[in-house]
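Everything below belongs to work_39.cif, which stores mmCIF, C-alpha atoms.
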```cif
data_input
loop_
_atom_site.label_atom_id
_atom_site.label_comp_id
_atom_site.auth_asym_id
_atom_site.auth_seq_id
_atom_site.Cartn_x
_atom_site.Cartn_y
_atom_site.Cartn_z
CA MET S 16 4.84 61.89 31.68
CA VAL S 17 1.71 63.43 33.21
CA SER S 18 -0.25 62.67 30.00
CA TYR S 19 0.74 59.00 30.09
CA MET S 20 -0.08 58.78 33.77
CA TRP S 21 -3.47 60.38 33.27
CA ALA S 22 -4.39 58.21 30.28
CA PHE S 23 -3.22 55.12 32.20
CA LEU S 24 -5.53 55.90 35.14
CA ILE S 25 -8.56 56.38 32.91
CA VAL S 26 -7.98 53.51 30.46
CA VAL S 27 -6.89 50.89 33.00
CA GLY S 28 -9.48 52.01 35.55
CA THR S 29 -12.33 51.81 33.04
CA VAL S 30 -11.26 48.48 31.50
CA VAL S 31 -10.66 46.80 34.87
CA GLY S 32 -13.84 48.30 36.31
CA ILE S 33 -16.00 46.97 33.45
CA ALA S 34 -14.23 43.57 33.47
CA THR S 35 -14.89 43.12 37.20
CA GLY S 36 -18.51 44.22 36.98
CA LYS S 37 -18.08 47.70 38.47
CA ALA S 38 -19.15 49.70 35.41
CA GLU S 39 -21.85 51.51 37.39
CA ALA S 40 -19.43 52.52 40.17
CA VAL S 41 -16.84 53.71 37.65
CA SER S 42 -19.26 55.94 35.77
CA GLN S 43 -20.57 57.36 39.03
CA ALA S 44 -17.01 57.93 40.27
CA ALA S 45 -16.13 59.94 37.15
CA LEU S 46 -19.10 62.30 37.44
CA GLU S 47 -18.88 62.67 41.20
CA GLY S 48 -15.14 63.24 40.98
CA ALA S 49 -15.56 66.10 38.52
CA GLN S 50 -18.32 67.64 40.64
CA ASP S 51 -16.31 67.34 43.87
CA ALA S 52 -13.24 68.84 42.22
CA ALA S 53 -15.20 71.89 41.08
CA THR S 54 -16.79 72.28 44.52
CA LEU S 55 -13.36 72.03 46.12
CA CYS S 56 -11.97 74.75 43.85
CA LEU S 57 -14.86 77.12 44.47
CA GLY S 58 -14.36 76.62 48.20
CA LEU S 59 -10.75 77.79 47.81
CA ILE S 60 -11.54 81.22 46.34
CA GLY S 61 -11.78 82.95 49.72
CA ALA S 62 -8.64 81.38 51.19
CA TYR S 63 -6.64 82.11 48.02
CA ALA S 64 -7.80 85.72 47.94
CA LEU S 65 -6.81 86.09 51.61
CA TRP S 66 -3.35 84.57 51.13
CA LEU S 67 -2.59 86.30 47.86
CA GLY S 68 -3.67 89.61 49.39
CA THR S 69 -1.46 89.10 52.44
CA LEU S 70 1.37 87.94 50.23
CA ASN S 71 1.09 91.08 48.11
CA ILE S 72 1.46 93.31 51.19
CA ALA S 73 4.56 91.28 52.08
CA GLN S 74 5.90 91.68 48.57
CA GLU S 75 5.26 95.43 48.26
CA ALA S 76 6.85 95.97 51.69
CA GLY S 77 9.98 94.09 50.57
CA LEU S 78 9.41 91.28 53.07
CA VAL S 79 9.48 88.51 50.46
CA ASN S 80 12.95 89.55 49.30
CA SER S 81 14.23 90.03 52.82
CA ILE S 82 13.04 86.51 53.80
CA ALA S 83 14.79 85.24 50.69
CA ARG S 84 18.04 86.96 51.70
CA ARG S 85 17.89 85.34 55.12
CA MET S 86 17.53 81.85 53.60
CA ARG S 87 20.21 82.49 51.00
CA GLY S 88 22.56 79.68 52.10
CA LEU S 89 19.96 76.93 51.89
CA ILE S 90 18.37 78.27 48.71
CA ARG S 91 21.76 78.55 46.99
CA TRP S 92 22.53 74.92 47.79
CA LEU S 93 19.13 73.53 46.74
CA PHE S 94 18.47 75.88 43.83
CA PRO S 95 21.85 76.99 42.44
CA SER S 96 20.27 78.58 39.35
CA VAL S 97 17.93 80.86 41.34
CA PRO S 98 19.33 84.29 42.32
CA PRO S 99 19.32 84.16 46.15
CA ASP S 100 17.58 87.49 46.76
CA SER S 101 15.01 87.20 43.96
CA ALA S 102 11.24 87.01 44.41
CA ALA S 103 11.44 83.36 43.25
CA SER S 104 13.53 82.35 46.22
CA GLY S 105 11.27 84.35 48.57
CA PHE S 106 8.15 82.54 47.31
CA ILE S 107 9.93 79.17 47.52
CA THR S 108 10.83 79.89 51.15
CA LEU S 109 7.29 80.99 52.01
CA ASN S 110 5.85 77.89 50.35
CA LEU S 111 8.17 75.62 52.31
CA VAL S 112 7.40 77.41 55.60
CA ALA S 113 3.63 77.16 54.95
CA ASN S 114 4.08 73.43 54.22
CA MET S 115 6.12 72.92 57.39
CA LEU S 116 3.31 74.43 59.44
CA GLY S 117 0.62 72.45 57.63
CA MET S 118 -1.00 75.50 56.02
CA GLY S 119 -1.94 73.68 52.80
CA ASN S 120 -4.28 76.34 51.47
CA ALA S 121 -1.56 79.01 51.82
CA ALA S 122 1.21 76.79 50.45
CA THR S 123 -0.48 76.29 47.07
CA PRO S 124 -0.88 79.98 46.09
CA PHE S 125 2.72 80.62 47.30
CA GLY S 126 3.88 77.62 45.28
CA LEU S 127 2.08 78.79 42.13
CA LYS S 128 3.76 82.21 42.50
CA ALA S 129 7.13 80.50 42.92
CA MET S 130 6.53 78.44 39.76
CA LYS S 131 5.69 81.60 37.79
CA GLU S 132 8.97 83.21 38.89
CA LEU S 133 10.93 80.01 38.18
CA GLN S 134 9.37 79.83 34.72
CA ALA S 135 10.59 83.40 34.05
CA LEU S 136 14.14 82.16 34.80
CA ASN S 137 13.68 78.96 32.76
CA PRO S 138 15.42 79.05 29.35
CA HIS S 139 13.32 76.18 27.88
CA LYS S 140 9.68 77.06 28.52
CA SER S 141 8.16 73.61 27.94
CA ARG S 142 10.82 71.76 29.92
CA ALA S 143 11.13 71.75 33.70
CA SER S 144 14.27 73.49 35.01
CA ASP S 145 16.41 71.82 37.69
CA ALA S 146 15.08 74.33 40.20
CA MET S 147 11.47 73.37 39.37
CA CYS S 148 12.22 69.65 39.71
CA MET S 149 13.89 70.21 43.07
CA PHE S 150 10.98 72.39 44.23
CA LEU S 151 8.39 69.75 43.28
CA VAL S 152 10.41 66.89 44.78
CA ILE S 153 10.69 68.72 48.12
CA ASN S 154 6.98 69.53 48.07
CA ALA S 155 6.04 65.90 47.34
CA SER S 156 8.29 64.60 50.12
CA SER S 157 6.31 66.61 52.72
CA VAL S 158 8.13 68.88 55.12
CA GLN S 159 5.24 69.16 57.58
CA LEU S 160 6.53 69.27 61.15
CA LEU S 161 3.37 67.95 62.80
CA PRO S 162 0.80 65.85 60.87
CA LEU S 163 -2.27 67.49 62.41
CA THR S 164 -4.82 65.78 60.15
CA VAL S 165 -3.43 62.32 60.95
CA ILE S 166 -3.38 63.09 64.69
CA ALA S 167 -7.00 64.29 64.55
CA LEU S 168 -7.99 61.09 62.72
CA ARG S 169 -6.16 58.94 65.27
CA SER S 170 -7.90 60.74 68.09
CA ALA S 171 -11.29 60.18 66.42
CA ALA S 172 -10.43 56.48 66.04
CA GLY S 173 -9.80 56.21 69.80
CA ALA S 174 -5.99 56.04 69.88
CA ALA S 175 -4.52 56.00 73.42
CA VAL S 176 -1.99 58.73 72.61
CA PRO S 177 -3.02 60.15 69.20
CA GLY S 178 0.16 62.22 68.87
CA ASP S 179 2.55 59.33 69.52
CA ILE S 180 3.32 59.04 65.81
CA ALA S 181 4.61 62.66 65.67
CA ILE S 182 8.22 61.56 66.21
CA THR S 183 8.14 58.63 63.75
CA SER S 184 6.42 60.89 61.18
CA LEU S 185 9.04 63.59 61.58
CA LEU S 186 11.85 61.04 61.17
CA ALA S 187 10.14 59.38 58.18
CA THR S 188 9.53 62.70 56.47
CA THR S 189 13.19 63.59 57.05
CA VAL S 190 14.10 60.33 55.28
CA THR S 191 11.85 61.13 52.29
CA THR S 192 13.04 64.73 52.03
CA VAL S 193 16.73 63.78 52.24
CA THR S 194 16.40 60.92 49.73
CA GLY S 195 14.26 63.13 47.47
CA VAL S 196 16.87 65.91 47.43
CA ALA S 197 19.68 63.37 46.93
CA MET S 198 17.82 61.62 44.09
CA ALA S 199 17.09 64.97 42.42
CA LYS S 200 20.78 65.90 42.62
CA ILE S 201 21.84 62.50 41.25
CA LEU S 202 19.19 62.11 38.55
CA ARG S 203 19.65 65.60 37.10
CA ARG S 204 22.72 64.34 35.23
CA LEU S 205 20.71 61.60 33.52
CA TYR S 206 18.00 63.92 32.19
CA PRO S 207 19.18 66.44 29.61
CA MET Q 1 2.20 67.99 71.47
CA ASN Q 2 -0.49 70.42 72.65
CA VAL Q 3 2.02 73.24 72.66
CA VAL Q 4 2.98 72.50 69.06
CA SER Q 5 -0.61 72.35 67.85
CA PHE Q 6 -1.34 75.58 69.74
CA ILE Q 7 1.58 77.27 67.97
CA SER Q 8 0.32 75.90 64.63
CA ALA Q 9 -3.13 77.35 65.31
CA LEU Q 10 -1.61 80.72 66.24
CA PHE Q 11 0.55 80.85 63.17
CA VAL Q 12 -2.16 81.91 60.72
CA PRO Q 13 -3.30 85.05 62.58
CA LEU Q 14 0.28 85.87 63.66
CA PHE Q 15 1.53 85.63 60.09
CA ILE Q 16 -1.16 88.00 58.83
CA VAL Q 17 -0.69 90.47 61.69
CA SER Q 18 3.10 90.54 61.26
CA VAL Q 19 2.79 91.17 57.54
CA VAL Q 20 0.33 94.02 58.10
CA ILE Q 21 2.53 95.62 60.78
CA TYR Q 22 5.63 95.19 58.63
CA GLY Q 23 3.77 96.79 55.71
CA PHE Q 24 2.78 99.75 57.89
CA ALA Q 25 6.37 100.17 59.09
CA LYS Q 26 7.54 100.24 55.47
CA LYS Q 27 4.83 102.82 54.62
CA VAL Q 28 2.99 100.51 52.21
CA PRO Q 29 -0.72 101.36 51.72
CA VAL Q 30 -1.62 98.01 53.25
CA TYR Q 31 -5.31 97.84 52.36
CA ASP Q 32 -4.73 98.75 48.72
CA ALA Q 33 -1.84 96.30 48.52
CA PHE Q 34 -4.08 93.58 49.99
CA ILE Q 35 -6.83 94.26 47.43
CA ARG Q 36 -4.35 94.21 44.55
CA GLY Q 37 -3.15 90.78 45.66
CA ALA Q 38 -6.56 89.39 46.60
CA ARG Q 39 -7.80 90.28 43.12
CA GLN Q 40 -5.74 87.31 41.88
CA GLY Q 41 -7.72 84.89 44.08
CA LEU Q 42 -10.52 84.16 41.66
CA PRO Q 43 -8.34 84.04 38.51
CA THR Q 44 -5.94 81.68 40.30
CA VAL Q 45 -8.77 79.31 41.21
CA ILE Q 46 -10.17 79.48 37.67
CA ARG Q 47 -6.69 78.71 36.32
CA ILE Q 48 -6.26 75.63 38.51
CA LEU Q 49 -9.83 74.30 38.17
CA PRO Q 50 -9.31 72.35 34.91
CA PHE Q 51 -6.23 70.62 36.39
CA VAL Q 52 -8.07 69.68 39.55
CA VAL Q 53 -11.14 68.37 37.68
CA GLY Q 54 -9.02 66.44 35.17
CA PHE Q 55 -7.01 64.87 37.91
CA VAL Q 56 -9.68 64.09 40.49
CA PHE Q 57 -12.05 62.37 38.07
CA ALA Q 58 -9.27 60.18 36.64
CA ILE Q 59 -8.13 59.08 40.08
CA ARG Q 60 -11.72 58.38 41.13
CA ILE Q 61 -12.21 56.07 38.11
CA PHE Q 62 -9.00 54.20 38.92
CA SER Q 63 -9.92 53.95 42.57
CA ALA Q 64 -13.52 52.78 41.94
CA SER Q 65 -12.25 49.99 39.67
CA GLY Q 66 -10.42 48.44 42.63
CA CYS Q 67 -7.06 48.70 40.83
CA PHE Q 68 -5.18 49.89 43.94
CA GLU Q 69 -6.15 46.69 45.76
CA TYR Q 70 -5.20 44.49 42.76
CA ILE Q 71 -1.76 46.13 42.44
CA ALA Q 72 -1.24 45.87 46.19
CA ALA Q 73 -2.14 42.16 46.07
CA ALA Q 74 0.34 41.62 43.25
CA LEU Q 75 3.13 43.43 45.11
CA SER Q 76 2.58 41.92 48.55
CA PRO Q 77 4.56 38.66 47.98
CA LEU Q 78 7.55 40.91 47.14
CA LEU Q 79 7.22 43.20 50.15
CA LYS Q 80 6.01 40.82 52.83
CA PRO Q 81 9.48 39.20 53.30
CA ALA Q 82 10.84 42.73 53.83
CA GLY Q 83 8.52 43.15 56.82
CA ILE Q 84 6.00 45.47 55.17
CA PRO Q 85 2.44 44.58 56.27
CA PRO Q 86 0.51 44.06 52.98
CA GLU Q 87 -2.51 45.85 54.47
CA ILE Q 88 -0.84 49.26 54.16
CA LEU Q 89 0.15 48.84 50.48
CA PRO Q 90 -3.05 50.28 48.97
CA LEU Q 91 -2.45 53.38 51.11
CA ALA Q 92 1.18 53.60 50.01
CA LEU Q 93 0.04 53.42 46.37
CA MET Q 94 -2.72 55.98 46.81
CA ARG Q 95 -0.62 58.49 48.76
CA PRO Q 96 1.15 60.07 45.75
CA PHE Q 97 -2.16 60.47 43.93
CA SER Q 98 -4.67 61.97 46.31
CA GLY Q 99 -4.67 63.44 49.79
CA SER Q 100 -8.39 63.11 50.47
CA ALA Q 101 -8.62 59.52 49.16
CA SER Q 102 -5.62 58.44 51.24
CA ILE Q 103 -7.17 60.04 54.35
CA ALA Q 104 -10.29 57.93 53.71
CA MET Q 105 -8.09 54.81 53.35
CA LEU Q 106 -6.26 55.63 56.58
CA SER Q 107 -9.46 55.86 58.59
CA THR Q 108 -10.65 52.55 57.10
CA LEU Q 109 -7.38 50.98 58.30
CA PHE Q 110 -8.00 52.43 61.77
CA GLN Q 111 -11.48 50.87 61.82
CA ARG Q 112 -10.25 47.47 60.68
CA PHE Q 113 -7.03 47.16 62.70
CA GLY Q 114 -7.13 49.95 65.30
CA PRO Q 115 -4.86 53.03 65.44
CA ASP Q 116 -2.51 51.57 68.08
CA THR Q 117 -1.34 48.53 66.08
CA LEU Q 118 1.76 48.23 63.92
CA ILE Q 119 -0.48 48.60 60.86
CA GLY Q 120 -2.27 51.64 62.31
CA ARG Q 121 0.93 53.37 63.38
CA SER Q 122 2.91 52.55 60.23
CA ALA Q 123 0.02 53.81 58.11
CA SER Q 124 -0.15 57.04 60.16
CA THR Q 125 3.60 57.56 59.82
CA LEU Q 126 3.53 56.82 56.10
CA MET Q 127 0.69 59.30 55.66
CA GLY Q 128 2.71 62.04 57.34
CA SER Q 129 5.95 61.22 55.51
CA SER Q 130 4.99 62.33 52.00
CA GLU Q 131 2.59 64.48 50.03
CA THR Q 132 0.49 64.13 46.90
CA LEU Q 133 2.95 64.02 44.02
CA PHE Q 134 0.93 63.62 40.82
CA TYR Q 135 -1.70 66.21 41.66
CA THR Q 136 0.86 68.84 42.73
CA SER Q 137 3.01 68.15 39.64
CA SER Q 138 0.10 68.44 37.23
CA LEU Q 139 -1.07 71.64 38.95
CA TYR Q 140 2.30 73.39 39.34
CA TYR Q 141 3.70 72.41 35.94
CA GLY Q 142 0.35 72.87 34.20
CA SER Q 143 -0.02 76.40 35.56
CA VAL Q 144 3.16 77.54 33.78
CA GLY Q 145 2.83 75.34 30.68
CA VAL Q 146 5.76 72.98 31.37
CA LYS Q 147 5.29 69.64 29.56
CA GLN Q 148 8.52 67.71 30.20
CA THR Q 149 8.78 67.08 33.92
CA ARG Q 150 12.16 65.29 33.61
CA TYR Q 151 13.20 63.57 36.86
CA THR Q 152 10.48 65.02 39.11
CA ILE Q 153 8.36 61.83 39.20
CA PRO Q 154 11.20 59.23 39.42
CA ALA Q 155 13.07 61.12 42.17
CA SER Q 156 9.87 61.54 44.21
CA LEU Q 157 8.73 57.94 43.78
CA ILE Q 158 12.12 56.61 44.90
CA SER Q 159 11.91 58.81 47.98
CA GLU Q 160 8.40 57.49 48.70
CA VAL Q 161 9.64 53.89 48.56
CA PHE Q 162 12.25 54.89 51.16
CA GLY Q 163 9.40 56.50 53.10
CA LEU Q 164 7.39 53.26 53.12
CA PHE Q 165 10.29 51.15 54.38
CA SER Q 166 11.41 53.67 56.98
CA SER Q 167 7.85 54.21 58.29
CA VAL Q 168 7.44 50.52 59.08
CA LEU Q 169 10.97 50.19 60.42
CA LEU Q 170 10.63 53.26 62.67
CA CYS Q 171 7.31 52.05 64.08
CA ARG Q 172 8.81 48.62 64.82
CA LEU Q 173 11.72 50.35 66.58
CA PHE Q 174 9.69 52.87 68.57
CA PHE Q 175 6.60 50.85 69.42
CA GLY Q 176 7.97 47.28 69.40
#
```

Any chance you could put this one into structure tokens?
Amino acid sequence: MVSYMWAFLIVVGTVVGIATGKAEAVSQAALEGAQDAATLCLGLIGAYALWLGTLNIAQEAGLVNSIARRMRGLIRWLFPSVPPDSAASGFITLNLVANMLGMGNAATPFGLKAMKELQALNPHKSRASDAMCMFLVINASSVQLLPLTVIALRSAAGAAVPGDIAITSLLATTVTTVTGVAMAKILRRLYP
Amino acid sequence: MNVVSFISALFVPLFIVSVVIYGFAKKVPVYDAFIRGARQGLPTVIRILPFVVGFVFAIRIFSASGCFEYIAAALSPLLKPAGIPPEILPLALMRPFSGSASIAMLSTLFQRFGPDTLIGRSASTLMGSSETLFYTSSLYYGSVGVKQTRYTIPASLISEVFGLFSSVLLCRLFFG
């Protein structure tokens, strides 16, 4: 699926770009995109080291597992195949909490750790498990409580009350999370 | 609002301090444990770099070709009767692909229509209602070598369509 998507973006983008006389812009976009991506990654080294270091203290102190135990009810319902007091469920919880609070650069290393643990539990290594699908669907639906970036942008654009969309955002993100979880639970039967 | 953003700002230092204190209480050699974990910082970034480069350059090509606008133009006769302002469609299409590109689109919408219009508010709400799907999927699945993503993409896209409709509906309800 990701391969098709990726090839589609490149092939259609290039063909349409050339056909509409934007060949120059397309070739510039490709090179700049690659450069920006690498710069972005290098800029993350410090934050990742900080979060992975902190996370490791939490793990060695048994905090990850104790957080997991506390969230056992929710985790068991969303991820029935994940043992409730395992490291996997602790990392999933930490990733979701970081996302709720808008700590994007902490959420990603926590999420990658969770994926590694979920892969260890996955019987078919090249196929996503139900737990992985659910985890990704929840991540994509956004669980952020307060969209700080959007509020900052609104304030910069001169909005009267920049934070007035906080309530509609929270309700809309509840809609996407609930439908996402429901769709994941329904669709899992259709995908072997 | 200010209270919430203050709490958000406090969360990072509080989280770190609580973990360190908890580690001390459990007699973990906290500094050594930190270094052992932090050592994975660079390898983690090196592991994700090819996914990020592969993804960002593809999305930039697609975006530079103007395809998002063409698809939005094709879809707008379908969505306009449902009350969706066609101006926010390019943003709705970009949202699952890239966070930074959709932020750029959002601020363009603010410049053109103003943040306190139905378009400005619906776009803000939409932006906060979902996250980047394709990038996260390629990164998370790629990092563990999973190829078949099964229903991840369809389930998420359906939820984003719900997000688009509910964003506009909620803004009509709340802001008239």

Any chance you could resolve the PyMOL selection byres ((chain Q and resi 108-117) around 9) against this file and give the residues as a ChimeraX atom specification? /S:168-170,172-177 /Q:87-88,103-107,118-124,175

Residue with smallest distance to chain Q - pool S:Leu93, S:Ala197, S:Ala64, S:Leu160, counting all atoms listed in the file: S:Ala64

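If all atoms listed in the file are the atoms counted, then among S:Val190, S:Pro99, S:Asn120, S:Val41 the closest residue to Leu55 (chain S) is S:Asn120.
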
Apply the PyMOL selection byres ((chain S and resi 147-159) around 9) to the displayed file and report the matching residues as a PDB file with C-alpha atoms, in the frame of the given file.
```
ATOM      1  CA  LEU S  93      19.130  73.530  46.740  1.00  0.00           C
ATOM      2  CA  PHE S  94      18.470  75.880  43.830  1.00  0.00           C
ATOM      3  CA  ILE S 107       9.930  79.170  47.520  1.00  0.00           C
ATOM      4  CA  ASN S 110       5.850  77.890  50.350  1.00  0.00           C
ATOM      5  CA  LEU S 111       8.170  75.620  52.310  1.00  0.00           C
ATOM      6  CA  VAL S 112       7.400  77.410  55.600  1.00  0.00           C
ATOM      7  CA  ALA S 113       3.630  77.160  54.950  1.00  0.00           C
ATOM      8  CA  ASN S 114       4.080  73.430  54.220  1.00  0.00           C
ATOM      9  CA  MET S 115       6.120  72.920  57.390  1.00  0.00           C
ATOM     10  CA  LEU S 116       3.310  74.430  59.440  1.00  0.00           C
ATOM     11  CA  GLY S 117       0.620  72.450  57.630  1.00  0.00           C
ATOM     12  CA  GLY S 126       3.880  77.620  45.280  1.00  0.00           C
ATOM     13  CA  MET S 130       6.530  78.440  39.760  1.00  0.00           C
ATOM     14  CA  LEU S 133      10.930  80.010  38.180  1.00  0.00           C
ATOM     15  CA  GLN S 134       9.370  79.830  34.720  1.00  0.00           C
ATOM     16  CA  ASN S 137      13.680  78.960  32.760  1.00  0.00           C
ATOM     17  CA  ALA S 143      11.130  71.750  33.700  1.00  0.00           C
ATOM     18  CA  SER S 144      14.270  73.490  35.010  1.00  0.00           C
ATOM     19  CA  ASP S 145      16.410  71.820  37.690  1.00  0.00           C
ATOM     20  CA  ALA S 146      15.080  74.330  40.200  1.00  0.00           C
ATOM     21  CA  LEU S 160       6.530  69.270  61.150  1.00  0.00           C
ATOM     22  CA  LEU S 161       3.370  67.950  62.800  1.00  0.00           C
ATOM     23  CA  PRO S 162       0.800  65.850  60.870  1.00  0.00           C
ATOM     24  CA  LEU S 185       9.040  63.590  61.580  1.00  0.00           C
ATOM     25  CA  THR S 188       9.530  62.700  56.470  1.00  0.00           C
ATOM     26  CA  THR S 189      13.190  63.590  57.050  1.00  0.00           C
ATOM     27  CA  VAL S 190      14.100  60.330  55.280  1.00  0.00           C
ATOM     28  CA  THR S 191      11.850  61.130  52.290  1.00  0.00           C
ATOM     29  CA  THR S 192      13.040  64.730  52.030  1.00  0.00           C
ATOM     30  CA  VAL S 193      16.730  63.780  52.240  1.00  0.00           C
ATOM     31  CA  THR S 194      16.400  60.920  49.730  1.00  0.00           C
ATOM     32  CA  GLY S 195      14.260  63.130  47.470  1.00  0.00           C
ATOM     33  CA  VAL S 196      16.870  65.910  47.430  1.00  0.00           C
ATOM     34  CA  ALA S 199      17.090  64.970  42.420  1.00  0.00           C
ATOM     35  CA  LYS S 200      20.780  65.900  42.620  1.00  0.00           C
ATOM     36  CA  ARG S 203      19.650  65.600  37.100  1.00  0.00           C
TER      37      ARG S 203
ATOM     38  CA  PRO Q  96       1.150  60.070  45.750  1.00  0.00           C
ATOM     39  CA  GLY Q 128       2.710  62.040  57.340  1.00  0.00           C
ATOM     40  CA  SER Q 129       5.950  61.220  55.510  1.00  0.00           C
ATOM     41  CA  SER Q 130       4.990  62.330  52.000  1.00  0.00           C
ATOM     42  CA  GLU Q 131       2.590  64.480  50.030  1.00  0.00           C
ATOM     43  CA  THR Q 132       0.490  64.130  46.900  1.00  0.00           C
ATOM     44  CA  LEU Q 133       2.950  64.020  44.020  1.00  0.00           C
ATOM     45  CA  PHE Q 134       0.930  63.620  40.820  1.00  0.00           C
ATOM     46  CA  THR Q 136       0.860  68.840  42.730  1.00  0.00           C
ATOM     47  CA  SER Q 137       3.010  68.150  39.640  1.00  0.00           C
ATOM     48  CA  TYR Q 140       2.300  73.390  39.340  1.00  0.00           C
ATOM     49  CA  TYR Q 141       3.700  72.410  35.940  1.00  0.00           C
ATOM     50  CA  THR Q 149       8.780  67.080  33.920  1.00  0.00           C
ATOM     51  CA  ARG Q 150      12.160  65.290  33.610  1.00  0.00           C
ATOM     52  CA  TYR Q 151      13.200  63.570  36.860  1.00  0.00           C
ATOM     53  CA  THR Q 152      10.480  65.020  39.110  1.00  0.00           C
ATOM     54  CA  ILE Q 153       8.360  61.830  39.200  1.00  0.00           C
ATOM     55  CA  ALA Q 155      13.070  61.120  42.170  1.00  0.00           C
ATOM     56  CA  SER Q 156       9.870  61.540  44.210  1.00  0.00           C
ATOM     57  CA  SER Q 159      11.910  58.810  47.980  1.00  0.00           C
ATOM     58  CA  GLU Q 160       8.400  57.490  48.700  1.00  0.00           C
ATOM     59  CA  GLY Q 163       9.400  56.500  53.100  1.00  0.00           C
TER      60      GLY Q 163
END
```

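Here, the PyMOL selection byres ((chain Q and resi 71) around 12) matches Val27, Gly28 and Val31 of chain S; Phe62, Ser63, Ser65, Gly66, Cys67, Phe68, Glu69, Tyr70, Ala72, Ala73, Ala74, Leu75, Ser76, Pro77, Leu78, Pro86, Leu89, Pro90, Leu91, Ala92, Leu93 and Met94 of chain Q.
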
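When only C-alpha atoms are used to measure the gap to chain Q, the shortest distance among S:Ala121, S:Arg85, S:Asn71, S:Ile166 belongs to S:Asn71.
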
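Nearest residue to chain S, choosing from Q:Val161, Q:Leu169, Q:Ala101, Q:Val146 and counting only C-alpha atoms: Q:Val146.
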
Show me, as a list in words, the residues that have an atom within 10 Å of Ala38 (chain Q) when counting all atoms listed in the file, minus same-chain residues fewer than 4 positions from it. Ile60, Gly61, Ala62, Tyr63, Ala64, Leu65, Trp66, Leu67, Gly68, Thr69, Leu70 and Asn71 of chain S; Asp32, Ala33, Phe34, Leu42, Pro43 and Thr44 of chain Q

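Atom pair CA of Leu57 (chain S) / CA of Val19 (chain Q): separated by 26.1 Å.
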
Would you kindly identify which residues have an atom no farther than 9 Å from (-10.3, 60.9, 33.3), using all atoms listed in the file and the file's own coordinates, and write them out as a ChimeraX atom specification? /S:21-22,24-26,45 /Q:53-62

Reconstruct region 22-32 of chain S at the level of N, CA, C and O atoms, and format the result as a compact mmCIF listing (two decimals), in the coordinates of the input.
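Saved as result28.txt:
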```
# COMPACT_ATOMS: atom_id res chain seq x y z
N ALA S 22 -3.73 59.15 31.18
CA ALA S 22 -4.39 58.21 30.28
C ALA S 22 -4.40 56.81 30.89
O ALA S 22 -5.40 56.09 30.81
N PHE S 23 -3.31 56.43 31.56
CA PHE S 23 -3.22 55.12 32.20
C PHE S 23 -4.33 54.96 33.24
O PHE S 23 -5.02 53.94 33.27
N LEU S 24 -4.51 55.98 34.08
CA LEU S 24 -5.53 55.90 35.14
C LEU S 24 -6.91 55.68 34.54
O LEU S 24 -7.68 54.83 35.00
N ILE S 25 -7.22 56.45 33.49
CA ILE S 25 -8.56 56.38 32.91
C ILE S 25 -8.77 55.06 32.17
O ILE S 25 -9.76 54.36 32.39
N VAL S 26 -7.81 54.70 31.29
CA VAL S 26 -7.98 53.51 30.46
C VAL S 26 -7.99 52.25 31.33
O VAL S 26 -8.93 51.45 31.27
N VAL S 27 -6.97 52.09 32.17
CA VAL S 27 -6.89 50.89 33.00
C VAL S 27 -8.06 50.83 33.98
O VAL S 27 -8.70 49.79 34.15
N GLY S 28 -8.37 51.96 34.60
CA GLY S 28 -9.48 52.01 35.55
C GLY S 28 -10.79 51.59 34.91
O GLY S 28 -11.52 50.77 35.46
N THR S 29 -11.07 52.13 33.71
CA THR S 29 -12.33 51.81 33.04
C THR S 29 -12.37 50.34 32.62
O THR S 29 -13.35 49.63 32.88
N VAL S 30 -11.28 49.86 31.99
CA VAL S 30 -11.26 48.48 31.50
C VAL S 30 -11.39 47.50 32.67
O VAL S 30 -12.23 46.59 32.64
N VAL S 31 -10.60 47.70 33.72
CA VAL S 31 -10.66 46.80 34.87
C VAL S 31 -12.02 46.89 35.55
O VAL S 31 -12.62 45.87 35.92
N GLY S 32 -12.54 48.10 35.68
CA GLY S 32 -13.84 48.30 36.31
C GLY S 32 -14.94 47.55 35.57
O GLY S 32 -15.74 46.84 36.19
```
